[in-house]
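To start, the structure under review is shown below, and the notes come after it.
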Amino acid sequence: MFSFIVRRLVFSVLVLFIASFLIYGSLELAPGDPVTALAAGHPVDAQTRARLTAENHLNDPFLVRYARWTENALHGDFGRSYLEGESVGTLIRARVGTTLLLVSMSSLLIILGGVAIGTVAALRRGWTGTALTAAAGMGLGVPTFVASMLLLTVFAVELGWFPVFGSGSGFIDRIWHLTLPAIALAFASMAYIARVTQASVEGELQREHVMTATARGLPRRQVIRRHVLRNASIPVATASGLIVAYLVVGAAVVEQSFSLNGLGSFLVSSISRDDFPVVQAIALIVIVVFVVVNFIVDLLVSFLDPRVGLE
Amino acid sequence: MNSRPAVLRSPVGVRLHLPSRIGAAQIPTIFCLIVLGAIAFLVVFGPLVAPQDPNAVNLSVSLQGPSGAHPFGTDIAGRDLFSRIIVGARTSVLGPLVIAVTATAVGTLVGVVAAWKRGWIDSILSRTMDVMFAIPGLLLAFMAVAVFGRGITAPVIALAIANIPWVGRVVRSAALRERTLPYIAAYTTQGFSSFRICLRHLLPNIMPTVLAQGTLAFTYGLVDLLALNFLGLGVQPPTADWGVLVSEGQDSILRGAPEETLFASLFIVITVVAATVLSQRIGGDEAPAAPPA
Amino acid sequence: MMPRCIRVLATVTAFAVAAVVAGCGGSSSSSNGIQSQVNSPPAKGNLGNVTWDLPQGEPVPLDPTQDYNVSENQVLVNMCDQLMWVGPDFKIVPGLASSFSHPTPLTWVYNIRPGVKFWDGHPLTADDVLFSLDRQIQPTSYYFNPFGQMISSIKKSGPLQITITTKRPNIIVNEMMASGMSVVTEKAYTEKAGKNYGTPSGGVMCSGPFKFGKWVPGQQLTILRNPDYWNKAMVPKVQSVTFKFVTDSSTVTNALLSGEIQGTYDPPASAVGRLQQTSAGHLYIGQGTNFAAFQPTTSQGWKHPPLLKALSLAIDRTALAKVAFSGSASPQISGNVSPLTYPGAQQKTFADYNAELTKEPGFATPDLAQARKLAAQAPKPSHPLTLVVPAGDATANVLGTTIVAEAKAIGIPIKVVPLQPADLSALFLSPDARKKYDAILYLQFWTDIADPLQHIAENDLPGSITNTTGYIPPPAILKQYNQAIAQTDSAKRAGLTVKLDKELNKQLPYVSLVYLPQRMFLNKKITGPAASFPYVMHYPWATTLGAPAG
């Protein structure tokens, strides 16, 4: 078990290292002159050019700049936004709360809702199961931006049950503001977790030890709880880990549709404005979230299924 | 991440569920095939069958509701929405198709090679795929736009790359299972080359898995690309594209004309649902391998 | 059992139908006659907080040297005093400068109000004014620097007096002292804040009627009432104003309808119909110097004058005003003189000229026959000419699409290229970036002062930053211009301006499309400000905000 954790840890750090290198390196590829970008489109005379080059260490070799960027990023310093003149850290801190709450609410919906739907669909045959399976199939087919538009139009604009924009202030108000966006973000992923759960529960039901347990006359409730759900939860946990990490990017679409000022919409607007320091910072955060969430899921899975660590 | 079990595992004995005789159970498959066939028809012949010029502007018929002349109504510039959606099928669907074909081809190659060779080649390929999982497809597409500017080519390449590990992982598991079957050993003893065995025997046997993954890659490509276009980072107006139409139409909703957004959304949902259901049908009723974006 | 696919489709369709029904529940018809209504009823009562949207988006740093766009000026003018302001009727009114004089043709002397204090209690001195003006004429102040080029020196001529000397007799410099160019910030604070000045964490230090409150990046910016403001009559009736940065037109509209946002300048053009019908508040369509324009660049694309003239004749300005701007616009054919009510003695001259302009061919209806004839005179472009439009803007989209179709009808191929804000501002600021495209569509082309001469100075003279066409006037026109800006009698100056504009229109450096009066939406709970541009940028308009009843 211990060696498993160490291996996962090493791998996580490796992923972070490679991904951060790719992020920093890819934006280096961007055509155009970095000084022009730094000047945010303003004309650059020789003096300004020299100053911007020196200030941003543009003459250093790529690896030196990458090392400096990584080191600063570890301290939460992502440089200064080209356009807003403010430090990227400040700009991100102002937005991270919204995205965090949105993604948390969404994850909760996805995991609780998805697992419930999937389990019921697997255990109940007949029309309930079929209906739930069909609903999940359809849910997968509704892209996040379509779900956002429909929810916004029907429940916020026409019925007026929810606010039409913004993330609110105060805890309850925030939850209220983020309910529709969280549902829109959860929609397709909830259907996905439902399908994973259903497949996994159905698979477990046909396993030998489950059949044996049932044959031995153990109560069905107990068989399901002890043997089916425990084992079936492993793939669900793995899938949830992937989903939750991907939600941070998916949030871009939802945040844009609901005019929320989170990391996702900031990423999109920064891409539109070629504000590279912001793009780099948010991309790195997404990767960090992915790595951390999946590390936790790996630990969880190794507790649920001790065989995992022995592989 | 060898520890990712059942999600990424095809059930044993997957076979193409396409029947020799058409029965009631095949109706959904056939229905989805018809829907996708119709979309494919529009992709190829859309500009020929569109009743009107999709870019013909006429401000005097701005924002009209559905009528005989304009079955889906008109947009703000008075363009025929029916024609724009039909012609838009090509821009909307071609990119995802390229993504699906590329990701499936490369993913299958990687998966089969890894499963066949095993050892250090498998380790390298599998670890590489594990690292690639860490970068969500949509993020990679965003980065592509940040580096190369708005447009469709860079995101299509990015999404094709991002989908490779999803296909590769599932194909590898399927190929690994297939490899242990006696017939492979039989061919090997008979002295057939690895290349020939893989191409002529192993690959056809895991084809259902490959096709199911390819169809899924198509839906994810479609959803991600349309999201990109919806956000204004991909295809640019005045090109007709379903994602662009959804976002353009938002402004017309304010003027009391929701047709543009609604009809474009409807076409998107129909296409994605048909492809998702089809992939479940050909791949067996297993869970999809990749989460939606 | 119903096949899964069919059931799914049925559900989707039901969903769509529900949404259609919901969508149709809104309004549909729209009215066309623009009735100008500049002023809202004066405020009678106090209020707590007012939520106000900036549809052009979040301000870039609120540093006056970088603030020449609507969002920044609209906020900053309420915090930072200018030497003079522009009233709703376009008249220039005194601000920090209690008076000015014009002792010689080259000098303008400004007397600074005594007893004015910055928010931190420090007294405002001529040094602060000198420091602030000096920053604005440096090359780092990209927009104002060209006006700075008209100035030979700025000097402190007394403890509370500043003297500006111009290179030639020039009334524009004086007029610009009613713009963001004359914003006064505290010298010590600004120097100390350095790069952080005007950012969310750095803030600003000024003497205006509102103080810098809290700026949450990406979310909102709050300004707070300054109870100690030097002009007691202008101490705000509201405790605070919270600016939101919602740019999406549907979201802005829905928030205005629901009251989540109480007011805005420039509510979306697409929402004019809905906002006119709502009982949530009132839509004002006032006056302003804004218009939409088609500007060729320095590329070779539009080098043959008949081609541009042909395009101007082919454009259906009436239809554009009606469809793209929901009727909240009207045709405009001169790039410099707008159909607005100019202040004072100039009005009659400009009103007569505007009446004359309505009879110009192409003003109300296109003249396609003549357009085709002119287009045929120029060599046919070998490739489609590119037209840059702002990406993601519904109105720009319609305008661009329509221009392409209308140009095609007379045989000129045009291709639309949508660009994002960053690339657009690069075009604006860098001639090299512009050369890659053949023309730019400007949705909001304005002057800081309602004086056509300022527009000519900015757009038709070489060396000006907004002269994106690269137009160089012949010496005769330059001479006329120099005579006009030297004329201090406004009635006589208007006459000279009209003559100059007629000459310029013959040359047609660019095509103007439609006149855009200032729109403003106020929730029924608030009142006070006027719908007038550049008033929204150059007057502390938020001081007029308050409740309709006491």
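Letters A, B, ... go to the chains of the structure tokens in the order shown; residues in each chain start at 1; ligands are counted from 1 in the same order.
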
Would you please give, as a PyMOL selection string, all residues of range 90-184 of chain A that DSSP assigns to helix (DSSP H, G or I) based on the backbone?
chain A and resi 90-123+127-140+144-158+171-184

Proximity to chain B - best of C:Lys211, C:Lys524, C:Arg274, C:Arg519, only C-alpha atoms:
C:Arg274

Hey, which bits of chain A sit within 7 Å of chain C, and for each residue what's the closest pair of atoms and how far apart in Å (one decimal), counting only C-alpha atoms, rows by chain and increasing number, as JSON lines?
{"residue": "A:Gly41", "atom": "CA", "partner": "C:Ala426", "partner_atom": "CA", "distance": 4.1}
{"residue": "A:His42", "atom": "CA", "partner": "C:Leu429", "partner_atom": "CA", "distance": 5.6}
{"residue": "A:Pro43", "atom": "CA", "partner": "C:Ser430", "partner_atom": "CA", "distance": 5.8}
{"residue": "A:Leu83", "atom": "CA", "partner": "C:Val60", "partner_atom": "CA", "distance": 6.8}
{"residue": "A:Glu84", "atom": "CA", "partner": "C:Val60", "partner_atom": "CA", "distance": 5.2}
{"residue": "A:Gly85", "atom": "CA", "partner": "C:Pro61", "partner_atom": "CA", "distance": 6.6}
{"residue": "A:Glu86", "atom": "CA", "partner": "C:Thr199", "partner_atom": "CA", "distance": 5.9}
{"residue": "A:Leu91", "atom": "CA", "partner": "C:Pro217", "partner_atom": "CA", "distance": 5.8}
{"residue": "A:Ala94", "atom": "CA", "partner": "C:Pro217", "partner_atom": "CA", "distance": 6.0}
{"residue": "A:Ala134", "atom": "CA", "partner": "C:Arg4", "partner_atom": "CA", "distance": 5.9}
{"residue": "A:Met138", "atom": "CA", "partner": "C:Val8", "partner_atom": "CA", "distance": 5.7}
{"residue": "A:Leu150", "atom": "CA", "partner": "C:Ala19", "partner_atom": "CA", "distance": 6.8}
{"residue": "A:Val154", "atom": "CA", "partner": "C:Ala22", "partner_atom": "CA", "distance": 6.3}
{"residue": "A:Val157", "atom": "CA", "partner": "C:Asn254", "partner_atom": "CA", "distance": 6.5}
{"residue": "A:Glu158", "atom": "CA", "partner": "C:Ala22", "partner_atom": "CA", "distance": 6.3}
{"residue": "A:Val164", "atom": "CA", "partner": "C:Ala255", "partner_atom": "CA", "distance": 6.2}
{"residue": "A:Phe165", "atom": "CA", "partner": "C:Thr251", "partner_atom": "CA", "distance": 6.5}
{"residue": "A:Ser259", "atom": "CA", "partner": "C:Val246", "partner_atom": "CA", "distance": 6.7}
{"residue": "A:Asn261", "atom": "CA", "partner": "C:Gly218", "partner_atom": "CA", "distance": 5.5}
{"residue": "A:Ser272", "atom": "CA", "partner": "C:Gln420", "partner_atom": "CA", "distance": 5.9}
{"residue": "A:Arg273", "atom": "CA", "partner": "C:Ala422", "partner_atom": "CA", "distance": 4.7}
{"residue": "A:Asp274", "atom": "CA", "partner": "C:Ala422", "partner_atom": "CA", "distance": 6.9}

Take the residues from that selection and put them in a file with N, CA and C atoms, as a short mmCIF file (atom, residue, chain, number, x, y, z; two decimals), in the first residue's frame.
data_model
loop_
_atom_site.label_atom_id
_atom_site.label_comp_id
_atom_site.auth_asym_id
_atom_site.auth_seq_id
_atom_site.Cartn_x
_atom_site.Cartn_y
_atom_site.Cartn_z
N GLY A 41 -0.92 45.71 -27.63
CA GLY A 41 -1.31 46.33 -28.89
C GLY A 41 -0.82 47.75 -29.07
N HIS A 42 -0.32 48.35 -28.01
CA HIS A 42 0.16 49.72 -28.16
C HIS A 42 1.45 49.76 -28.96
N PRO A 43 1.66 50.82 -29.71
CA PRO A 43 2.90 50.89 -30.48
C PRO A 43 4.11 50.89 -29.55
N LEU A 83 -3.24 42.83 -19.99
CA LEU A 83 -4.27 43.82 -20.27
C LEU A 83 -4.71 44.61 -19.06
N GLU A 84 -4.86 43.94 -17.94
CA GLU A 84 -5.44 44.62 -16.80
C GLU A 84 -4.38 45.23 -15.92
N GLY A 85 -3.12 44.91 -16.17
CA GLY A 85 -2.05 45.52 -15.39
C GLY A 85 -1.98 45.01 -13.96
N GLU A 86 -2.97 44.19 -13.57
CA GLU A 86 -3.05 43.68 -12.20
C GLU A 86 -2.33 42.34 -12.15
N LEU A 91 -6.24 38.60 -9.70
CA LEU A 91 -7.38 38.44 -10.61
C LEU A 91 -7.99 37.05 -10.45
N ALA A 94 -9.94 36.53 -7.09
CA ALA A 94 -11.26 37.15 -7.08
C ALA A 94 -12.30 36.26 -7.75
N ALA A 134 -33.03 5.35 -20.57
CA ALA A 134 -33.31 6.24 -21.70
C ALA A 134 -33.00 7.69 -21.33
N MET A 138 -30.36 10.20 -23.10
CA MET A 138 -30.71 11.50 -23.64
C MET A 138 -29.88 12.59 -22.99
N LEU A 150 -31.42 26.56 -22.36
CA LEU A 150 -32.79 26.17 -22.05
C LEU A 150 -33.14 26.53 -20.61
N VAL A 154 -35.99 29.31 -19.65
CA VAL A 154 -37.24 28.89 -19.02
C VAL A 154 -37.32 29.33 -17.55
N VAL A 157 -35.45 33.58 -17.04
CA VAL A 157 -36.03 34.71 -17.76
C VAL A 157 -37.56 34.68 -17.72
N GLU A 158 -38.14 33.53 -18.14
CA GLU A 158 -39.59 33.52 -18.28
C GLU A 158 -40.29 33.31 -16.94
N VAL A 164 -30.76 35.98 -13.25
CA VAL A 164 -30.29 35.75 -14.62
C VAL A 164 -28.78 35.87 -14.77
N PHE A 165 -28.11 36.44 -13.78
CA PHE A 165 -26.65 36.53 -13.94
C PHE A 165 -26.00 36.67 -12.58
N SER A 259 -23.15 34.43 -17.47
CA SER A 259 -22.38 35.63 -17.10
C SER A 259 -21.87 35.55 -15.67
N ASN A 261 -18.56 35.31 -13.17
CA ASN A 261 -17.16 35.66 -13.28
C ASN A 261 -16.31 34.64 -12.56
N SER A 272 -9.42 35.23 -25.77
CA SER A 272 -9.86 36.20 -26.77
C SER A 272 -8.93 37.40 -26.81
N ARG A 273 -8.38 37.75 -25.65
CA ARG A 273 -7.58 38.97 -25.60
C ARG A 273 -6.08 38.69 -25.63
N ASP A 274 -5.72 37.44 -25.91
CA ASP A 274 -4.30 37.06 -25.95
C ASP A 274 -3.57 37.42 -24.67
#

Which residues, written as an MDAnalysis selection string, have at least one atom at most 8 Å from range 527-535 of chain C, with only C-alpha atoms counted and residues fewer than 5 positions away on the same chain left out?
chainID C and resid 37:43 85:90 265 284:290 447:450 517:520 522 541:542 544:548

Could you write out that same residue set with C-alpha atoms as a PDB file, in the first residue's frame?
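Written file, out_5.pdb:
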ATOM      1  CA  GLN C  37     -35.672  62.315 -24.812  1.00  0.00           C
ATOM      2  CA  VAL C  38     -32.418  63.481 -23.277  1.00  0.00           C
ATOM      3  CA  ASN C  39     -33.237  64.239 -19.645  1.00  0.00           C
ATOM      4  CA  SER C  40     -34.804  61.995 -17.061  1.00  0.00           C
ATOM      5  CA  PRO C  41     -36.851  63.711 -14.337  1.00  0.00           C
ATOM      6  CA  PRO C  42     -34.580  65.217 -11.662  1.00  0.00           C
ATOM      7  CA  ALA C  43     -34.023  63.102  -8.555  1.00  0.00           C
ATOM      8  CA  TRP C  85     -17.094  69.136 -17.943  1.00  0.00           C
ATOM      9  CA  VAL C  86     -19.534  68.606 -20.790  1.00  0.00           C
ATOM     10  CA  GLY C  87     -23.201  69.159 -19.882  1.00  0.00           C
ATOM     11  CA  PRO C  88     -26.132  67.135 -21.268  1.00  0.00           C
ATOM     12  CA  ASP C  89     -26.722  69.927 -23.820  1.00  0.00           C
ATOM     13  CA  PHE C  90     -23.067  69.651 -24.968  1.00  0.00           C
ATOM     14  CA  TYR C 265     -25.926  53.605 -20.765  1.00  0.00           C
ATOM     15  CA  TYR C 284     -34.356  57.035 -23.002  1.00  0.00           C
ATOM     16  CA  ILE C 285     -33.076  57.699 -26.494  1.00  0.00           C
ATOM     17  CA  GLY C 286     -31.230  60.989 -26.243  1.00  0.00           C
ATOM     18  CA  GLN C 287     -28.451  62.580 -28.249  1.00  0.00           C
ATOM     19  CA  GLY C 288     -24.773  62.102 -28.856  1.00  0.00           C
ATOM     20  CA  THR C 289     -21.747  62.309 -31.081  1.00  0.00           C
ATOM     21  CA  ASN C 290     -21.670  58.570 -31.812  1.00  0.00           C
ATOM     22  CA  THR C 447     -15.740  62.724 -30.346  1.00  0.00           C
ATOM     23  CA  ASP C 448     -15.011  63.840 -26.804  1.00  0.00           C
ATOM     24  CA  ILE C 449     -16.604  67.194 -27.479  1.00  0.00           C
ATOM     25  CA  ALA C 450     -19.607  67.943 -29.678  1.00  0.00           C
ATOM     26  CA  PRO C 517     -28.169  58.768 -30.250  1.00  0.00           C
ATOM     27  CA  GLN C 518     -27.236  57.856 -26.664  1.00  0.00           C
ATOM     28  CA  ARG C 519     -29.498  55.178 -25.212  1.00  0.00           C
ATOM     29  CA  MET C 520     -30.068  54.923 -21.469  1.00  0.00           C
ATOM     30  CA  LEU C 522     -33.301  53.607 -15.840  1.00  0.00           C
ATOM     31  CA  TRP C 541     -23.428  62.074 -14.037  1.00  0.00           C
ATOM     32  CA  ALA C 542     -23.846  59.761 -11.046  1.00  0.00           C
ATOM     33  CA  THR C 544     -27.613  63.365 -10.434  1.00  0.00           C
ATOM     34  CA  LEU C 545     -28.810  59.863  -9.483  1.00  0.00           C
ATOM     35  CA  GLY C 546     -31.514  59.566  -6.845  1.00  0.00           C
ATOM     36  CA  ALA C 547     -35.046  58.455  -6.102  1.00  0.00           C
ATOM     37  CA  PRO C 548     -37.936  59.893  -8.154  1.00  0.00           C
TER      38      PRO C 548
END

Fewer than 4 positions away in the same chain doesn't count, so skip those; otherwise give me all residues within 6 Å of range 109-121 of chain B, counting only C-alpha atoms, as a ChimeraX atom specification.
/B:168,171-172,175-176

Would you put the residues from that selection into a file with C-alpha atoms, as an mmCIF file, in the first residue's frame?
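File again_4.cif, as written:
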data_model
loop_
_atom_site.group_PDB
_atom_site.id
_atom_site.type_symbol
_atom_site.label_atom_id
_atom_site.label_comp_id
_atom_site.auth_asym_id
_atom_site.auth_seq_id
_atom_site.Cartn_x
_atom_site.Cartn_y
_atom_site.Cartn_z
ATOM 1 C CA GLY B 168 -6.252 3.711 -27.128
ATOM 2 C CA VAL B 171 -8.724 -0.831 -27.555
ATOM 3 C CA ARG B 172 -5.665 -1.952 -25.598
ATOM 4 C CA ALA B 175 -6.779 -6.425 -27.680
ATOM 5 C CA LEU B 176 -5.121 -7.770 -24.532
#

CA of Val88 in chain A to CA of Val278 in chain A: how many Å, to one decimal?
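Between CA of Val88 in chain A and CA of Val278 in chain A the gap is 6.1 Å.
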
When the cut-off is 6 Å and we count only C-alpha atoms, which residues of chain B are near chain C, given as a PyMOL selection string?
chain B and resi 28+77+254+256

Restricted to C-alpha atoms, what would the selected residues look like written as an mmCIF file, in the first residue's frame?
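And here's selection27.cif as it stands now:
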data_model
loop_
_atom_site.group_PDB
_atom_site.id
_atom_site.type_symbol
_atom_site.label_atom_id
_atom_site.label_comp_id
_atom_site.auth_asym_id
_atom_site.auth_seq_id
_atom_site.Cartn_x
_atom_site.Cartn_y
_atom_site.Cartn_z
ATOM 1 C CA PRO B 28 -33.459 1.972 -32.289
ATOM 2 C CA ALA B 77 -30.490 39.792 -41.549
ATOM 3 C CA LEU B 254 -34.549 39.302 -27.148
ATOM 4 C CA GLY B 256 -38.996 37.787 -29.683
#

Range 254-277 of chain A residues near range 281-304 of chain A within 10 Å, closest pair each, using only C-alpha atoms, as JSON lines:
{"residue": "A:Leu263", "atom": "CA", "partner": "A:Ile282", "partner_atom": "CA", "distance": 6.9}
{"residue": "A:Gly264", "atom": "CA", "partner": "A:Ile282", "partner_atom": "CA", "distance": 8.2}
{"residue": "A:Phe266", "atom": "CA", "partner": "A:Ile282", "partner_atom": "CA", "distance": 8.6}
{"residue": "A:Leu267", "atom": "CA", "partner": "A:Ile282", "partner_atom": "CA", "distance": 6.6}
{"residue": "A:Ser270", "atom": "CA", "partner": "A:Ile282", "partner_atom": "CA", "distance": 9.8}
{"residue": "A:Phe276", "atom": "CA", "partner": "A:Ala281", "partner_atom": "CA", "distance": 8.5}
{"residue": "A:Pro277", "atom": "CA", "partner": "A:Ala281", "partner_atom": "CA", "distance": 6.2}

Export of the given selection (C-alpha atoms) as a short mmCIF file (atom, residue, chain, number, x, y, z; two decimals), in the first residue's frame:
data_model
loop_
_atom_site.label_atom_id
_atom_site.label_comp_id
_atom_site.auth_asym_id
_atom_site.auth_seq_id
_atom_site.Cartn_x
_atom_site.Cartn_y
_atom_site.Cartn_z
CA LEU A 263 -12.07 30.96 -13.81
CA GLY A 264 -13.68 29.39 -16.88
CA PHE A 266 -11.90 34.36 -17.41
CA LEU A 267 -9.97 31.74 -19.36
CA SER A 270 -8.23 35.93 -21.72
CA PHE A 276 -1.12 34.72 -22.02
CA PRO A 277 -0.06 34.96 -18.36
#

Kindly assemble as JSON lines a list of the chain A residues that lie within 7 Å of chain B, each paired with its nearest atom pair and their distance in Å to one decimal, using only C-alpha atoms, sorted first by chain and then by ascending residue number.
{"residue": "A:Val15", "atom": "CA", "partner": "B:Val131", "partner_atom": "CA", "distance": 5.5}
{"residue": "A:Ser26", "atom": "CA", "partner": "B:Val147", "partner_atom": "CA", "distance": 6.9}
{"residue": "A:Leu27", "atom": "CA", "partner": "B:Val147", "partner_atom": "CA", "distance": 5.6}
{"residue": "A:Leu29", "atom": "CA", "partner": "B:Val147", "partner_atom": "CA", "distance": 6.6}
{"residue": "A:Ala30", "atom": "CA", "partner": "B:Val147", "partner_atom": "CA", "distance": 4.4}
{"residue": "A:Gly137", "atom": "CA", "partner": "B:Val277", "partner_atom": "CA", "distance": 6.7}
{"residue": "A:Met138", "atom": "CA", "partner": "B:Val273", "partner_atom": "CA", "distance": 6.0}
{"residue": "A:Gly141", "atom": "CA", "partner": "B:Val273", "partner_atom": "CA", "distance": 4.4}
{"residue": "A:Val142", "atom": "CA", "partner": "B:Val269", "partner_atom": "CA", "distance": 5.6}
{"residue": "A:Pro143", "atom": "CA", "partner": "B:Val223", "partner_atom": "CA", "distance": 6.0}
{"residue": "A:Phe145", "atom": "CA", "partner": "B:Ala227", "partner_atom": "CA", "distance": 6.6}
{"residue": "A:Val146", "atom": "CA", "partner": "B:Ser265", "partner_atom": "CA", "distance": 6.3}
{"residue": "A:Ala188", "atom": "CA", "partner": "B:Pro292", "partner_atom": "CA", "distance": 6.4}
{"residue": "A:Ser189", "atom": "CA", "partner": "B:Pro292", "partner_atom": "CA", "distance": 6.1}
{"residue": "A:Tyr192", "atom": "CA", "partner": "B:Pro291", "partner_atom": "CA", "distance": 6.4}
{"residue": "A:Arg195", "atom": "CA", "partner": "B:Ala287", "partner_atom": "CA", "distance": 5.4}
{"residue": "A:Val196", "atom": "CA", "partner": "B:Ala287", "partner_atom": "CA", "distance": 5.0}
{"residue": "A:Ala199", "atom": "CA", "partner": "B:Ala287", "partner_atom": "CA", "distance": 5.8}
{"residue": "A:Pro235", "atom": "CA", "partner": "B:Val7", "partner_atom": "CA", "distance": 5.3}
{"residue": "A:Thr238", "atom": "CA", "partner": "B:Arg4", "partner_atom": "CA", "distance": 6.7}
{"residue": "A:Ala239", "atom": "CA", "partner": "B:Val7", "partner_atom": "CA", "distance": 6.9}
{"residue": "A:Ile243", "atom": "CA", "partner": "B:Pro291", "partner_atom": "CA", "distance": 6.3}
{"residue": "A:Tyr246", "atom": "CA", "partner": "B:Pro136", "partner_atom": "CA", "distance": 6.0}
{"residue": "A:Val249", "atom": "CA", "partner": "B:Leu139", "partner_atom": "CA", "distance": 6.3}
{"residue": "A:Gly250", "atom": "CA", "partner": "B:Ala293", "partner_atom": "CA", "distance": 5.9}
{"residue": "A:Val253", "atom": "CA", "partner": "B:Ala227", "partner_atom": "CA", "distance": 6.9}
{"residue": "A:Ile271", "atom": "CA", "partner": "B:Ala146", "partner_atom": "CA", "distance": 5.2}
{"residue": "A:Asp274", "atom": "CA", "partner": "B:Ala146", "partner_atom": "CA", "distance": 6.5}
{"residue": "A:Ile287", "atom": "CA", "partner": "B:Ala134", "partner_atom": "CA", "distance": 6.2}
{"residue": "A:Phe290", "atom": "CA", "partner": "B:Ala134", "partner_atom": "CA", "distance": 6.1}
{"residue": "A:Val291", "atom": "CA", "partner": "B:Ala134", "partner_atom": "CA", "distance": 6.9}
{"residue": "A:Val308", "atom": "CA", "partner": "B:Ser3", "partner_atom": "CA", "distance": 5.8}

With C-alpha atoms retained, export the selected residues as a compact mmCIF listing (two decimals), in the first residue's frame.
# COMPACT_ATOMS: atom_id res chain seq x y z
CA VAL A 15 2.27 14.62 -14.82
CA SER A 26 3.03 25.91 -26.15
CA LEU A 27 2.37 29.58 -25.61
CA LEU A 29 5.02 28.87 -29.95
CA ALA A 30 2.39 31.53 -30.44
CA GLY A 137 -28.95 8.28 -22.80
CA MET A 138 -30.71 11.50 -23.64
CA GLY A 141 -26.89 14.06 -25.76
CA VAL A 142 -27.60 17.52 -24.42
CA PRO A 143 -24.44 19.65 -24.65
CA PHE A 145 -24.36 25.10 -23.70
CA VAL A 146 -27.73 23.90 -24.92
CA ALA A 188 -24.40 15.43 -19.24
CA SER A 189 -21.93 14.23 -16.59
CA TYR A 192 -22.50 9.58 -17.70
CA ARG A 195 -24.42 4.88 -17.09
CA VAL A 196 -21.13 3.92 -15.41
CA ALA A 199 -23.02 -0.94 -16.04
CA PRO A 235 -15.17 2.28 -11.26
CA THR A 238 -12.51 6.47 -10.79
CA ALA A 239 -14.92 7.94 -13.32
CA ILE A 243 -15.31 14.10 -14.32
CA TYR A 246 -12.85 18.09 -16.25
CA VAL A 249 -12.90 23.43 -17.98
CA GLY A 250 -16.54 22.64 -18.67
CA VAL A 253 -19.22 27.25 -21.12
CA ILE A 271 -7.82 33.70 -24.76
CA ASP A 274 -4.30 37.06 -25.95
CA ILE A 287 -4.05 20.36 -14.35
CA PHE A 290 -6.92 17.00 -12.09
CA VAL A 291 -3.82 15.58 -10.49
CA VAL A 308 -5.18 -2.41 -6.55

If I take CA of Leu357 in chain C and CA of Asn336 in chain C, how far is one from the other in Å, to one decimal?
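Distance between the two atoms: 11.9 Å.
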
Polymer residues at most 8 Å from range 359-376 of chain C, only C-alpha atoms, same-chain spacing of 6 or more positions, as a list of chain:residue names:
C:Pro306, C:Leu307, C:Lys309, C:Ala310, C:Leu311, C:Ser312, C:Leu313, C:Ala314, C:Ile315, C:Asp316, C:Arg317, C:Thr318, C:Pro331, C:Gln332, C:Ile333, C:Ile410, C:Gly411, C:Ile412

Those residues with C-alpha atoms, as an mmCIF file, in the first residue's frame please?
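Full text of result-v8.cif as output:
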data_model
loop_
_atom_site.group_PDB
_atom_site.id
_atom_site.type_symbol
_atom_site.label_atom_id
_atom_site.label_comp_id
_atom_site.auth_asym_id
_atom_site.auth_seq_id
_atom_site.Cartn_x
_atom_site.Cartn_y
_atom_site.Cartn_z
ATOM 1 C CA PRO C 306 -15.208 55.927 -57.005
ATOM 2 C CA LEU C 307 -15.284 52.529 -55.311
ATOM 3 C CA LYS C 309 -18.402 56.460 -53.206
ATOM 4 C CA ALA C 310 -20.209 53.576 -54.891
ATOM 5 C CA LEU C 311 -20.358 51.679 -51.599
ATOM 6 C CA SER C 312 -21.719 54.739 -49.808
ATOM 7 C CA LEU C 313 -24.508 54.992 -52.384
ATOM 8 C CA ALA C 314 -25.333 51.276 -52.194
ATOM 9 C CA ILE C 315 -25.909 51.127 -48.450
ATOM 10 C CA ASP C 316 -29.490 51.171 -47.233
ATOM 11 C CA ARG C 317 -28.992 53.344 -44.157
ATOM 12 C CA THR C 318 -32.681 53.487 -43.300
ATOM 13 C CA PRO C 331 -29.062 57.697 -41.376
ATOM 14 C CA GLN C 332 -25.930 59.823 -41.198
ATOM 15 C CA ILE C 333 -23.945 60.649 -44.294
ATOM 16 C CA ILE C 410 -22.942 46.420 -57.151
ATOM 17 C CA GLY C 411 -20.085 44.069 -57.962
ATOM 18 C CA ILE C 412 -17.693 44.724 -55.082
#
